[in-house]
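Engineer: Coordinates in data-v7.txt, compact mmCIF, C-alpha atoms, are listed below.
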```txt
# COMPACT_ATOMS: atom_id res chain seq x y z
CA MET A 1 48.06 17.41 274.41
CA CYS A 2 49.46 19.59 271.72
CA PRO A 3 52.67 21.46 272.50
CA SER A 4 53.61 24.74 270.83
CA ALA A 5 54.49 23.27 267.43
CA CYS A 6 50.94 21.87 267.24
CA THR A 7 51.80 19.34 264.52
CA ARG A 8 50.57 15.78 264.39
CA GLY A 9 53.99 14.44 265.30
CA ALA A 10 54.24 16.95 268.12
CA ARG A 11 50.74 16.00 269.19
CA VAL A 12 51.79 12.35 269.32
CA LEU A 13 54.87 13.36 271.28
CA GLY A 14 52.68 15.39 273.60
CA ALA A 15 50.36 12.43 273.93
CA LEU A 16 53.20 10.17 274.92
CA LEU A 17 54.63 12.66 277.37
CA LEU A 18 51.18 12.96 278.89
CA THR A 19 50.29 9.30 278.76
CA PHE A 20 53.55 8.10 280.21
CA VAL A 21 53.46 10.93 282.76
CA ALA A 22 49.87 12.13 282.99
CA GLY A 23 47.58 10.99 280.11
CA GLY A 24 45.93 12.01 276.79
CA CYS A 25 46.18 12.09 272.98
CA ALA A 26 44.21 14.71 271.07
CA HIS A 27 44.08 13.35 267.54
CA ILE A 28 43.34 9.79 268.65
CA ARG A 29 40.83 11.06 271.21
CA GLU A 30 39.03 13.15 268.58
CA ALA A 31 38.79 10.21 266.21
CA SER A 32 37.59 7.92 268.98
CA GLU A 33 34.66 10.20 269.67
CA GLU A 34 33.50 9.62 266.09
CA VAL A 35 33.37 5.86 266.52
CA ARG A 36 32.58 5.58 270.24
CA SER A 37 31.12 2.17 271.01
CA ALA A 38 28.63 1.11 273.64
CA GLY A 39 31.09 -0.86 275.75
CA THR A 40 34.50 -2.47 276.02
CA VAL A 41 35.64 -5.68 274.37
CA GLY A 42 35.67 -7.54 277.67
CA VAL A 43 39.32 -8.50 277.61
CA SER A 44 40.99 -9.38 280.90
CA GLN A 45 43.06 -6.55 282.30
CA GLN A 46 45.93 -8.89 283.18
CA GLN A 47 45.63 -11.48 280.40
CA THR A 48 44.83 -10.07 276.98
CA LYS A 49 43.72 -12.03 273.95
CA THR A 50 47.27 -11.83 272.63
CA GLY A 51 49.12 -12.74 275.82
CA ALA A 52 49.96 -11.54 279.31
CA LEU A 53 50.81 -7.92 279.93
CA PRO A 54 54.50 -7.42 280.81
CA PHE A 55 53.58 -5.47 283.94
CA GLU A 56 50.97 -5.48 286.67
CA ASN A 57 48.06 -3.42 285.43
CA ALA A 58 46.93 -0.82 287.97
CA PHE A 59 44.00 0.53 285.96
CA PRO A 60 40.65 -1.33 285.78
CA HIS A 61 39.57 0.74 282.78
CA ARG A 62 42.79 0.55 280.80
CA TRP A 63 40.66 -1.06 278.09
CA ASN A 64 37.76 1.32 277.52
CA GLU A 65 35.31 2.67 274.93
CA ARG A 66 37.99 4.93 273.43
CA ASN A 67 40.48 2.16 272.64
CA ASP A 68 38.36 -1.00 272.31
CA GLY A 69 38.04 -0.88 268.52
CA THR A 70 40.58 -3.72 268.19
CA THR A 71 41.64 -6.63 270.37
CA TYR A 72 45.27 -5.96 269.43
CA GLU A 73 47.44 -5.30 272.49
CA PRO A 74 50.81 -3.68 271.67
CA CYS A 75 52.31 -4.56 275.05
CA ALA A 76 51.81 -8.29 274.49
CA ALA A 77 52.54 -8.49 270.77
CA VAL A 78 56.35 -8.43 270.66
CA SER A 79 58.64 -11.17 271.95
CA HIS A 80 61.81 -10.59 273.94
CA GLU A 81 63.88 -11.83 271.00
CA THR A 82 62.18 -9.53 268.52
CA LEU A 83 62.70 -6.50 270.73
CA VAL A 84 66.40 -7.31 271.04
CA ASP A 85 66.69 -7.81 267.28
CA LEU A 86 65.15 -4.36 266.81
CA GLY A 87 67.75 -2.78 269.10
CA LEU A 88 65.42 -2.33 272.06
CA ASP A 89 65.81 -3.25 275.72
CA PRO A 90 62.84 -5.46 276.74
CA SER A 91 63.32 -4.56 280.41
CA THR A 92 62.47 -0.91 279.72
CA VAL A 93 58.85 -1.62 278.74
CA ASN A 94 56.56 1.07 280.09
CA ASP A 95 52.77 1.05 280.08
CA SER A 96 51.23 3.99 278.24
CA ALA A 97 48.46 4.21 280.80
CA GLY A 98 49.22 7.06 283.17
CA THR A 99 45.66 7.38 284.41
CA ASP A 100 42.64 5.11 284.51
CA GLY A 101 40.31 5.22 281.51
CA GLN A 102 42.56 7.23 279.19
CA SER A 103 42.28 7.22 275.40
CA LEU A 104 45.49 5.40 274.55
CA ARG A 105 46.46 1.79 275.23
CA GLY A 106 50.00 0.64 274.54
CA CYS A 107 53.64 0.57 275.57
CA ARG A 108 57.04 2.22 275.08
CA TRP A 109 60.51 0.68 274.89
CA LYS A 110 63.94 2.30 275.02
CA SER A 111 66.91 1.56 272.81
CA THR A 112 69.97 -0.30 274.03
CA ALA A 113 72.52 1.98 272.33
CA LEU A 114 75.53 2.66 274.56
CA GLY A 115 73.45 2.01 277.67
CA ARG A 116 71.30 5.08 277.12
CA ALA A 117 67.99 5.78 275.42
CA ASP A 118 69.17 7.39 272.19
CA TRP A 119 65.72 6.59 270.82
CA THR A 120 62.44 5.10 271.91
CA VAL A 121 59.62 3.30 270.17
CA SER A 122 56.03 3.50 271.29
CA GLN A 123 53.10 1.58 269.92
CA PHE A 124 49.59 2.42 271.01
CA VAL A 125 45.96 1.93 270.08
CA GLY A 126 43.12 4.44 269.98
CA ASN A 127 39.78 4.23 268.24
CA SER A 128 39.95 5.91 264.83
CA VAL A 129 37.84 5.90 261.67
CA SER A 130 40.48 5.17 259.02
CA LEU A 131 43.94 5.97 257.72
CA ALA A 132 42.46 8.25 255.06
CA ALA A 133 40.52 10.21 257.67
CA ASN A 134 43.62 10.51 259.82
CA GLN A 135 45.69 11.74 256.89
CA ALA A 136 43.05 14.28 255.91
CA ARG A 137 42.71 15.56 259.45
CA TYR A 138 46.44 15.88 260.07
CA SER A 139 47.84 17.39 256.90
CA SER A 140 49.60 20.73 257.16
CA GLU A 141 52.74 22.56 256.14
CA VAL A 142 54.59 20.94 259.02
CA ASP A 143 53.06 17.48 258.64
CA SER A 144 54.58 15.29 255.96
CA TRP A 145 52.85 12.08 254.86
CA LEU A 146 55.16 9.87 252.83
CA PRO A 147 53.72 7.46 250.26
CA ASP A 148 51.79 4.62 251.86
CA VAL A 149 53.65 1.34 252.33
CA GLN A 150 52.23 -2.15 251.90
CA ILE A 151 53.16 -4.61 254.65
CA GLY A 152 51.63 -8.07 254.61
CA GLY A 153 48.76 -6.85 252.48
CA ARG A 154 48.01 -3.96 254.85
CA THR A 155 48.24 -0.29 253.95
CA VAL A 156 50.56 1.59 256.29
CA GLY A 157 50.64 5.37 256.54
CA VAL A 158 54.04 6.93 257.23
CA HIS A 159 54.28 10.38 258.76
CA TYR A 160 56.90 12.75 260.13
CA THR A 161 57.00 16.41 261.09
CA SER A 162 59.30 19.36 260.63
CA SER A 163 60.86 18.71 264.04
CA GLY A 164 62.86 15.94 262.36
CA GLN A 165 63.13 13.88 265.55
CA ASP A 166 60.22 11.50 265.17
CA CYS A 167 58.39 9.38 262.62
CA ASP A 168 55.23 7.36 263.04
CA THR A 169 53.23 4.78 261.14
CA TYR A 170 49.49 4.12 261.15
CA VAL A 171 47.74 0.79 260.56
CA GLN A 172 43.97 0.39 260.71
CA SER A 173 42.80 -2.51 262.88
CA GLY A 174 39.06 -2.85 263.20
CA ARG A 175 37.71 0.46 264.47
CA ALA A 176 41.08 1.54 265.81
CA GLY A 177 44.35 2.92 264.58
CA VAL A 178 47.62 1.34 265.68
CA ILE A 179 50.34 3.99 265.74
CA THR A 180 54.03 3.15 266.00
CA LEU A 181 56.15 6.16 266.92
CA VAL A 182 59.96 6.35 266.94
CA MET A 183 61.52 9.35 268.66
CA PHE A 184 65.19 10.26 268.80
CA HIS A 185 66.60 12.04 271.84
CA VAL A 186 70.02 12.97 270.46
CA VAL A 187 71.11 16.16 268.71
CA PRO A 188 71.36 16.19 265.81
CA PRO A 189 68.94 13.31 265.12
CA PRO A 190 69.42 10.97 262.16
CA PRO A 191 67.73 11.87 258.86
CA PRO A 192 63.97 11.24 258.71
CA SER A 193 64.54 8.25 256.42
CA GLU A 194 66.45 6.40 259.17
CA ILE A 195 63.90 7.28 261.83
CA CYS A 196 61.03 6.14 259.60
CA ASP A 197 62.90 2.93 258.77
CA ARG A 198 62.95 2.09 262.48
CA ALA A 199 59.24 2.81 262.80
CA LEU A 200 58.56 0.63 259.77
CA ALA A 201 60.75 -2.18 261.15
CA PHE A 202 58.70 -2.31 264.35
CA THR A 203 55.51 -2.11 262.30
CA ARG A 204 56.62 -5.03 260.12
CA ALA A 205 57.32 -7.08 263.25
CA THR A 206 53.78 -6.59 264.54
CA THR A 207 51.38 -5.96 261.64
CA SER A 208 50.52 -9.64 261.14
CA LYS A 209 49.25 -9.75 264.74
CA MET A 210 46.81 -6.87 264.24
CA PRO A 211 43.27 -8.05 263.42
CA LEU A 212 41.85 -6.67 260.18
```
How does the structure come out when it is put into structure tokens?

Structural biologist:
Amino acid sequence: MCPSACTRGARVLGALLLTFVAGGCAHIREASEEVRSAGTVGVSQQQTKTGALPFENAFPHRWNERNDGTTYEPCAAVSHETLVDLGLDPSTVNDSAGTDGQSLRGCRWKSTALGRADWTVSQFVGNSVSLAANQARYSSEVDSWLPDVQIGGRTVGVHYTSSGQDCDTYVQSGRAGVITLVMFHVVPPPPPSEICDRALAFTRATTSKMPL
């Protein structure tokens, strides 16, 4: 899932392009193999423990052994009002599942700016050992980890890459990582600080709903 830049941010981008179009996420998939469980959490495919999915689920194994480390469901965690307050269009929600049984579980929303998707936010879950392990695995000259942020007593990793068009956060929830990724689709994009602020805003709106 890694495009030519082969950075963590580019990998996440590649994951989203694949998951919303075909499927896959290398760094989450690799971590999930380390903590693979014996079975799924047994959550209904249409009604999750955090609410109904905002779409009709077509995949019986959307929840699977690679993303069952937490009961948190990104697609059901954010209200219509919160999405609007964050500058997102609730009607644009898109399931991250492009194939049955893939590693990632989550959703993407588009911005409402000028009637076009100047930026998107995606939040997805994949089994992962820890924030520290993720940071150690994905540190390079093109990967920049900012100082961790504390939100509601939780440690949040903040990461962006040399591409300058995306920023993502990482929150540990059980045996899974919850990643929130903001990507800009305009040239030139805003400075990384603004992009990361948007990722952190979405993270703040949802962290309290993520089980420890």

Engineer: Write out as a PyMOL selection string the residues lying within 8 Å of Gly157 of chain A, counting all atoms listed in the file and excluding same-chain residues fewer than 2 positions away.

Structural biologist: chain A and resi 131+145-149+155+159+169-171

Engineer: For a quick check of understanding, using only C-alpha atoms, which of A:His185, A:Arg204, A:Lys110, A:Arg154 has the smallest distance to Val84 of chain A?

Structural biologist: A:Lys110

Engineer: Closest to Leu181 of chain A among A:Val156, A:Arg108, A:Leu212, A:Ser130, using all atoms listed in the file?

Structural biologist: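 Once distances to Leu181 of chain A are computed over all atoms listed in the file, the minimum belongs to A:Arg108.
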
Engineer: So which one's closest to Asp118 of chain A, A:Val178, A:Val186, A:Met210, A:Val93? Using all atoms listed in the file, please.

Structural biologist: A:Val186

Engineer: Work out how far atom CA of Val125 of chain A is from atom CA of Asp89 of chain A, in Å to one decimal.

Structural biologist: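 Result for atom CA of Asp89 of chain A versus atom CA of Val125 of chain A: 21.3 Å, one decimal.
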
Engineer: Between atom CA of Ser128 of chain A and atom CA of His80 of chain A, measure the distance and give it in Å to one decimal.

Structural biologist: 28.9 Å

Engineer: Could you pull the residues within 12 Å of Leu88 of chain A, counting all atoms listed in the file, minus those fewer than 2 positions along the same chain, as a PyMOL selection string?

Structural biologist: chain A and resi 78-86+90-93+108-122+182+198+201-202

Engineer: For Glu73 of chain A, which residue out of A:Pro188, A:Gly87, A:Gly126, A:Gly98 is the nearest one, using only C-alpha atoms?

Structural biologist: A:Gly126

Engineer: Just how far from atom CA of Asn67 of chain A is atom CA of Asn127 of chain A, in Å to one decimal?

Structural biologist: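 Interatomic distance here is 4.9 Å.
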
Engineer: For each of A:Ala133, A:Ser163, A:Arg175, A:Ala52, take the minimum atom-to-atom distance to Arg66 of chain A, counting only C-alpha atoms, then give the residue where this is smallest.

Structural biologist: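 Comparing A:Ala133, A:Ser163, A:Arg175, A:Ala52 against Arg66 of chain A, the winner is A:Arg175.
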
Engineer: Taking all atoms of segment 148-165 of chain A that appear in the file, build a box with edges along x, y and z, extend it by 3 Å on every side, and state its centre and edge lengths in Å to one decimal, as AutoDock Vina command-line options.

Structural biologist:
```
--center_x 55.6 --center_y 5.6 --center_z 258.7 --size_x 21.1 --size_y 33.4 --size_z 19.7
```

Engineer: Do a neighbour search on Cys196 of chain A at 7 Å with all atoms listed in the file, toss out local chain neighbours closer than 3 positions, and write the hits as a ChimeraX atom specification.

Structural biologist: /A:167-168,192-193,199-200

Engineer: Using only C-alpha atoms, determine which residues lie at most 9 Å from Pro74 of chain A, disregarding the query and same-chain residues fewer than 6 positions distant; provide the list as an NGL selection string.

Structural biologist: :A and (50 or 105-107 or 122-125 or 178 or 206)

Engineer: Under the rule that only C-alpha atoms are counted, which of A:Gln102, A:Thr180, A:Ser208, A:Gln165 is the nearest residue to Glu194 of chain A?

Structural biologist: A:Gln165
